Amino acid sequence: MTLDRLIGPPDAVVGVTDRLRARLISALLLAAVPLGWFATLAWLAVADSLGPADYSILAVGNTGILLGYLLSRTSRFRQAALLAIAVVHACCWSMALLQTDPIDMVFGLQFTVVGVALAGATLPRTETLWVGLINLIACTAILVFEPELGLPEAQGALGLLVFITGLSVTSALLTERDHHTLQRRSLELRASQEQLRHSALHDELTGLPNRSLLADRLGQALTLARRRPEHYFAVLFLDLDHFKVVNDSLGHHVGDRLLVEVARRLRTCVRPGDTIARLGGDEFIILLTDLADSKDVERVTARVQEVFEAPFNVAGHEVQTTASVGVAAGELSYTRPEELLRDADTAMYRAKALGRSRTEQFEASMRVKALARLGTEIGIRQGLDEDQFVVHYQPIVSLGTRKILSFEALVRWQHPEAGLVGPDQFIQVAEETGLIEQLGAHVLEVACRDACQWPSSIGLHVNVSPRQFRRRGGPQQLAKIVSDSGIEPNRVTLELTEGILMADPEHSRVMLDAFRESGIRIDVDDFGTGYSSLAYLHQFALDGLKVDQSFVAALDTRDDVVRSVVALCQGMDLRLTAEGVETEAQLIKLLSLDCERGQGWLFGRPKDAAATLAMVRRKASGRYLAQVTEPGRELSTDPDIGGL
């Protein structure tokens, strides 16, 4: 049995001294007590005379030894065992004194010491050595007082001497070893406790304080501000811009290394008394204390933005990232740390909304907007559960034949209180919260089901969000929705923006190939507003482009962009749709540029499913517009053109 097994696991250091000694002594006694008992009997059996007193001392003494051994094995009775053995052997000692025989007195003393030694598993090392010394003297005294004892008696006395002295010395040595073991284990425990405490209060990846330690220090700053109103402090809420792109394109291990490097650079922006914490993901908090005024905060935020100017060299990759920062100044109106974090977070989102890579100071009006945003998020969730979102359809027509070619599906929120709400009121919140995935799937499912009632010659266009496109298994999920609806896949066109495609070109190629295999078509929406580079078009399997309405609106002053896009699409065999066509003049100009398709209020505003179906059936001939008569005149008198 090894020492570690006797002691137990390293975390069981509390009480290890008692357990170690008790186990070792008990193990020795388990074998030694019977041997010592029989050695004593053998010795006394050959003595010259054994009177009743000798037998009584022998019986009581050995019974006390055995009883002490049994009771000492249970820590609950150890102290009681010591007391009982002391009483029993005090009686033996008294009986020995009454005989006035030196050998009996020494014998009684020996019984007393042996009983205490056997029961005293808790004796410290020094006392154990004294026990051994006393037994050595006692056994030597027996031989001195009885020089006439023969060889058997001498052997018996010597055996008892060796047994008791060895037991005492062994206990002392083991206690010494126990002392070093306890010292080592105590050091290990102390180091382990420090490590656990550090892990509980610090971020494992960056080593920065975590949310728990930050909350404690924020609480201290608030307490100090209440005691000293002149105490000025501020909280900076920092979030990396487009960090998800790094994870998705280069891998999470590169993203983790980037976070470590960001933490290292942020440490250079603050004083030793300030706190930098990581809340999780790519969110960092900087607590600035003992500031003179708001100018100190501005200087720190300027340094924070500067550290992101140089690219990060991470795992062999050069990564350029920026940060959006929100600032909340400590005020007496704050009572809890989470209130500070809430307002700094709100200011950070404001910085992102204004273009990212900037710093915004929290204002009370932001809280109103944040509450409104929260209300919108809650409303979207409820609206999805209660099927409040409906789909309207806007026609896409052939500019040359004026026939309806397709309809674009546009989502609307039939709010129980606000009425019909346009997408500009909720799409951004749905994107930020991830609800766009559920909403987008709902729109595609409803639109495909409605399109099945149209003539097979009319197609369907549906917008796809970045989250839907980038998620793992996105093409398969969308293709399944299309397949389950019963519509032919080649009638469905999904519209993506340039930004979605270029965020991760390699991933986009894989996704587009998956859509192509399913038979679904892909158009680039709002073309010209993104990267404004035509080279990327050759990388992807596309079916068409939709030129942004801003270029259509500028046709009366310049038409070079639309002219170039028309030539590009003709060269690449891509279909082109002009968005935002609102006047006859724009229509005529597009026809002169050989643009094939158009969409806009000139041809009809979005209508619900019932109105769209009625219009399609009424226009069975496929003629959607009357002949154009006066350039510049809007055809708003068409009975099929109406509001939302």
# chains A, B, ... in the order shown; residues from 1 in each chain; ligands from 1
$ select_by_dssp --residues "stretch 297-459 of chain A" --states "strand (DSSP E)" --output "MDAnalysis selection string"
chainID A and resid 312:314 317:319 323:329 359:361 389:398 404:415 419:421 459
$ write_last_selection --atoms "C-alpha atoms" --output "mmCIF file, in the first residue's frame"
data_model
loop_
_atom_site.group_PDB
_atom_site.id
_atom_site.type_symbol
_atom_site.label_atom_id
_atom_site.label_comp_id
_atom_site.auth_asym_id
_atom_site.auth_seq_id
_atom_site.Cartn_x
_atom_site.Cartn_y
_atom_site.Cartn_z
ATOM 1 C CA PHE A 312 -2.709 42.038 -36.490
ATOM 2 C CA ASN A 313 -0.305 39.251 -37.420
ATOM 3 C CA VAL A 314 -2.080 36.147 -36.185
ATOM 4 C CA HIS A 317 -2.349 35.709 -41.276
ATOM 5 C CA GLU A 318 -2.495 39.488 -41.474
ATOM 6 C CA VAL A 319 -5.866 40.466 -40.045
ATOM 7 C CA ALA A 323 -13.717 48.345 -33.013
ATOM 8 C CA SER A 324 -16.952 50.119 -32.155
ATOM 9 C CA VAL A 325 -16.842 51.711 -28.698
ATOM 10 C CA GLY A 326 -19.636 52.933 -26.470
ATOM 11 C CA VAL A 327 -18.947 55.134 -23.435
ATOM 12 C CA ALA A 328 -21.060 55.538 -20.298
ATOM 13 C CA ALA A 329 -19.820 58.033 -17.700
ATOM 14 C CA THR A 359 -16.795 55.908 -30.466
ATOM 15 C CA GLU A 360 -20.157 57.134 -29.214
ATOM 16 C CA GLN A 361 -21.060 58.651 -25.841
ATOM 17 C CA PHE A 389 -46.070 38.430 -41.052
ATOM 18 C CA VAL A 390 -47.579 38.475 -44.531
ATOM 19 C CA VAL A 391 -46.052 38.556 -48.011
ATOM 20 C CA HIS A 392 -46.814 41.126 -50.674
ATOM 21 C CA TYR A 393 -45.707 40.906 -54.295
ATOM 22 C CA GLN A 394 -44.334 43.512 -56.732
ATOM 23 C CA PRO A 395 -44.241 42.710 -60.447
ATOM 24 C CA ILE A 396 -41.099 42.460 -62.570
ATOM 25 C CA VAL A 397 -41.995 43.089 -66.216
ATOM 26 C CA SER A 398 -40.459 42.836 -69.641
ATOM 27 C CA ILE A 404 -45.272 40.129 -66.199
ATOM 28 C CA LEU A 405 -42.204 37.920 -65.894
ATOM 29 C CA SER A 406 -41.926 37.522 -62.138
ATOM 30 C CA PHE A 407 -42.994 38.872 -58.776
ATOM 31 C CA GLU A 408 -40.662 39.850 -55.963
ATOM 32 C CA ALA A 409 -41.839 38.702 -52.533
ATOM 33 C CA LEU A 410 -41.701 41.487 -49.933
ATOM 34 C CA VAL A 411 -42.497 40.876 -46.276
ATOM 35 C CA ARG A 412 -44.890 43.050 -44.279
ATOM 36 C CA TRP A 413 -45.821 42.955 -40.603
ATOM 37 C CA GLN A 414 -49.543 43.003 -39.901
ATOM 38 C CA HIS A 415 -49.085 44.525 -36.454
ATOM 39 C CA GLY A 419 -51.352 48.152 -38.714
ATOM 40 C CA LEU A 420 -49.308 47.191 -41.770
ATOM 41 C CA VAL A 421 -45.618 47.852 -41.021
ATOM 42 C CA GLY A 459 -41.325 33.366 -61.692
#
$ residues_around --residues "A:Ala578" --least-positions-apart "3" --cutoff "6 Å" --atoms "only C-alpha atoms" --output "list in words"
Lys546, Val547 and Gly598 of chain A
$ write_last_selection --atoms "C-alpha atoms" --output "PDB file, in the first residue's frame"
ATOM      1  CA  LYS A 546     -30.586  44.017 -60.593  1.00  0.00           C
ATOM      2  CA  VAL A 547     -29.076  47.462 -61.088  1.00  0.00           C
ATOM      3  CA  GLY A 598     -37.852  46.542 -64.998  1.00  0.00           C
TER       4      GLY A 598
END
$ residues_around --residues "A:Phe284" --least-positions-apart "2" --cutoff "9 Å" --atoms "only C-alpha atoms" --output "ChimeraX atom specification"
/A:236-240,263,276-282,286
$ select_by_dssp --residues "stretch 184-359 of chain A" --states "alpha helix (DSSP H)" --output "PyMOL selection string"
chain A and resi 184-201+211-227+243-250+252-267+294-306+337-353
$ closest_residue --among "A:Arg267, A:Arg227, A:His507, A:Arg257" --to "A:Ala315" --atoms "only C-alpha atoms"
A:Arg257
$ residues_around --residues "stretch 190-202 of chain A" --least-positions-apart "3" --cutoff "9 Å" --atoms "only C-alpha atoms" --output "PyMOL selection string"
chain A and resi 185-187+205-214+277-278
$ write_last_selection --atoms "N, CA, C and O atoms" --output "PDB file, in the first residue's frame"
ATOM      1  N   ARG A 185       1.638  18.724   0.383  1.00  0.00           N
ATOM      2  CA  ARG A 185       0.249  18.785  -0.048  1.00  0.00           C
ATOM      3  C   ARG A 185      -0.380  20.142   0.268  1.00  0.00           C
ATOM      4  O   ARG A 185      -1.225  20.635  -0.471  1.00  0.00           O
ATOM      5  N   SER A 186       0.026  20.756   1.350  1.00  0.00           N
ATOM      6  CA  SER A 186      -0.501  22.077   1.689  1.00  0.00           C
ATOM      7  C   SER A 186      -0.085  23.111   0.653  1.00  0.00           C
ATOM      8  O   SER A 186      -0.879  23.963   0.246  1.00  0.00           O
ATOM      9  N   LEU A 187       1.187  23.015   0.222  1.00  0.00           N
ATOM     10  CA  LEU A 187       1.642  23.925  -0.824  1.00  0.00           C
ATOM     11  C   LEU A 187       0.883  23.693  -2.123  1.00  0.00           C
ATOM     12  O   LEU A 187       0.511  24.635  -2.827  1.00  0.00           O
ATOM     13  N   LEU A 205      -9.068  32.537 -21.839  1.00  0.00           N
ATOM     14  CA  LEU A 205      -8.332  32.751 -23.089  1.00  0.00           C
ATOM     15  C   LEU A 205      -7.346  33.898 -22.980  1.00  0.00           C
ATOM     16  O   LEU A 205      -6.164  33.746 -23.302  1.00  0.00           O
ATOM     17  N   THR A 206      -7.804  35.059 -22.522  1.00  0.00           N
ATOM     18  CA  THR A 206      -6.964  36.262 -22.529  1.00  0.00           C
ATOM     19  C   THR A 206      -6.302  36.556 -21.192  1.00  0.00           C
ATOM     20  O   THR A 206      -5.373  37.367 -21.140  1.00  0.00           O
ATOM     21  N   GLY A 207      -6.772  35.927 -20.114  1.00  0.00           N
ATOM     22  CA  GLY A 207      -6.250  36.236 -18.796  1.00  0.00           C
ATOM     23  C   GLY A 207      -6.796  37.519 -18.201  1.00  0.00           C
ATOM     24  O   GLY A 207      -6.391  37.909 -17.092  1.00  0.00           O
ATOM     25  N   LEU A 208      -7.703  38.185 -18.896  1.00  0.00           N
ATOM     26  CA  LEU A 208      -8.297  39.419 -18.378  1.00  0.00           C
ATOM     27  C   LEU A 208      -9.367  39.101 -17.337  1.00  0.00           C
ATOM     28  O   LEU A 208      -9.900  37.993 -17.315  1.00  0.00           O
ATOM     29  N   PRO A 209      -9.704  40.054 -16.477  1.00  0.00           N
ATOM     30  CA  PRO A 209     -10.842  39.853 -15.566  1.00  0.00           C
ATOM     31  C   PRO A 209     -12.104  39.504 -16.342  1.00  0.00           C
ATOM     32  O   PRO A 209     -12.319  39.999 -17.456  1.00  0.00           O
ATOM     33  N   ASN A 210     -12.938  38.641 -15.742  1.00  0.00           N
ATOM     34  CA  ASN A 210     -14.186  38.265 -16.395  1.00  0.00           C
ATOM     35  C   ASN A 210     -15.346  39.098 -15.844  1.00  0.00           C
ATOM     36  O   ASN A 210     -15.147  40.063 -15.108  1.00  0.00           O
ATOM     37  N   ARG A 211     -16.558  38.691 -16.182  1.00  0.00           N
ATOM     38  CA  ARG A 211     -17.735  39.459 -15.790  1.00  0.00           C
ATOM     39  C   ARG A 211     -17.860  39.570 -14.267  1.00  0.00           C
ATOM     40  O   ARG A 211     -18.248  40.619 -13.741  1.00  0.00           O
ATOM     41  N   SER A 212     -17.533  38.501 -13.531  1.00  0.00           N
ATOM     42  CA  SER A 212     -17.686  38.515 -12.078  1.00  0.00           C
ATOM     43  C   SER A 212     -16.764  39.542 -11.427  1.00  0.00           C
ATOM     44  O   SER A 212     -17.179  40.346 -10.590  1.00  0.00           O
ATOM     45  N   LEU A 213     -15.488  39.496 -11.814  1.00  0.00           N
ATOM     46  CA  LEU A 213     -14.535  40.444 -11.235  1.00  0.00           C
ATOM     47  C   LEU A 213     -14.852  41.866 -11.684  1.00  0.00           C
ATOM     48  O   LEU A 213     -14.716  42.822 -10.904  1.00  0.00           O
ATOM     49  N   LEU A 214     -15.278  42.028 -12.928  1.00  0.00           N
ATOM     50  CA  LEU A 214     -15.652  43.356 -13.408  1.00  0.00           C
ATOM     51  C   LEU A 214     -16.813  43.926 -12.607  1.00  0.00           C
ATOM     52  O   LEU A 214     -16.805  45.104 -12.233  1.00  0.00           O
ATOM     53  N   ALA A 277     -11.586  44.073 -19.050  1.00  0.00           N
ATOM     54  CA  ALA A 277     -12.251  42.786 -18.858  1.00  0.00           C
ATOM     55  C   ALA A 277     -12.798  42.298 -20.191  1.00  0.00           C
ATOM     56  O   ALA A 277     -13.036  43.079 -21.114  1.00  0.00           O
ATOM     57  N   ARG A 278     -12.985  40.990 -20.268  1.00  0.00           N
ATOM     58  CA  ARG A 278     -13.626  40.385 -21.451  1.00  0.00           C
ATOM     59  C   ARG A 278     -14.930  39.751 -20.998  1.00  0.00           C
ATOM     60  O   ARG A 278     -14.940  38.898 -20.113  1.00  0.00           O
TER      61      ARG A 278
END
$ atom_distance --atom1 "atom CA of A:Glu495" --atom2 "atom CA of A:Asp559"
24.1 Å
$ closest_residue --among "A:Leu291, A:Ala479, A:Met502, A:Leu259" --to "A:Ala514" --atoms "only C-alpha atoms"
A:Ala479
$ residues_around --residues "A:Ala441" --least-positions-apart "3" --cutoff "8 Å" --atoms "only C-alpha atoms" --output "number ranges by chain"
A: 437-438, 444-445, 478, 481
$ residues_around --residues "A:His538" --least-positions-apart "5" --cutoff "12 Å" --atoms "only C-alpha atoms" --output "PyMOL selection string"
chain A and resi 505+509+533+543+568-569+571-574
$ residues_around --residues "A:Ala310" --least-positions-apart "4" --cutoff "9 Å" --atoms "only C-alpha atoms" --output "number ranges by chain"
A: 306, 320-321
$ write_last_selection --atoms "all heavy atoms" --output "PDB file, in the first residue's frame"
ATOM      1  N   GLU A 306      -6.590  53.897 -31.992  1.00  0.00           N
ATOM      2  CA  GLU A 306      -5.284  53.870 -32.661  1.00  0.00           C
ATOM      3  C   GLU A 306      -4.677  52.472 -32.703  1.00  0.00           C
ATOM      4  O   GLU A 306      -3.996  52.124 -33.670  1.00  0.00           O
ATOM      5  CB  GLU A 306      -4.312  54.828 -31.950  1.00  0.00           C
ATOM      6  CG  GLU A 306      -4.603  56.304 -32.199  1.00  0.00           C
ATOM      7  CD  GLU A 306      -3.708  57.205 -31.383  1.00  0.00           C
ATOM      8  OE1 GLU A 306      -2.818  56.669 -30.669  1.00  0.00           O
ATOM      9  OE2 GLU A 306      -3.886  58.444 -31.449  1.00  0.00           O
ATOM     10  N   GLN A 320      -6.924  42.594 -40.458  1.00  0.00           N
ATOM     11  CA  GLN A 320      -7.251  43.987 -40.180  1.00  0.00           C
ATOM     12  C   GLN A 320      -8.655  44.049 -39.584  1.00  0.00           C
ATOM     13  O   GLN A 320      -9.616  43.567 -40.191  1.00  0.00           O
ATOM     14  CB  GLN A 320      -7.211  44.816 -41.462  1.00  0.00           C
ATOM     15  CG  GLN A 320      -7.453  46.295 -41.241  1.00  0.00           C
ATOM     16  CD  GLN A 320      -6.284  46.976 -40.541  1.00  0.00           C
ATOM     17  OE1 GLN A 320      -5.157  46.944 -41.038  1.00  0.00           O
ATOM     18  NE2 GLN A 320      -6.540  47.586 -39.392  1.00  0.00           N
ATOM     19  N   THR A 321      -8.766  44.589 -38.406  1.00  0.00           N
ATOM     20  CA  THR A 321     -10.073  44.709 -37.763  1.00  0.00           C
ATOM     21  C   THR A 321     -10.179  46.061 -37.086  1.00  0.00           C
ATOM     22  O   THR A 321      -9.161  46.731 -36.827  1.00  0.00           O
ATOM     23  CB  THR A 321     -10.303  43.587 -36.738  1.00  0.00           C
ATOM     24  OG1 THR A 321     -11.657  43.638 -36.262  1.00  0.00           O
ATOM     25  CG2 THR A 321      -9.366  43.722 -35.549  1.00  0.00           C
TER      26      THR A 321
END
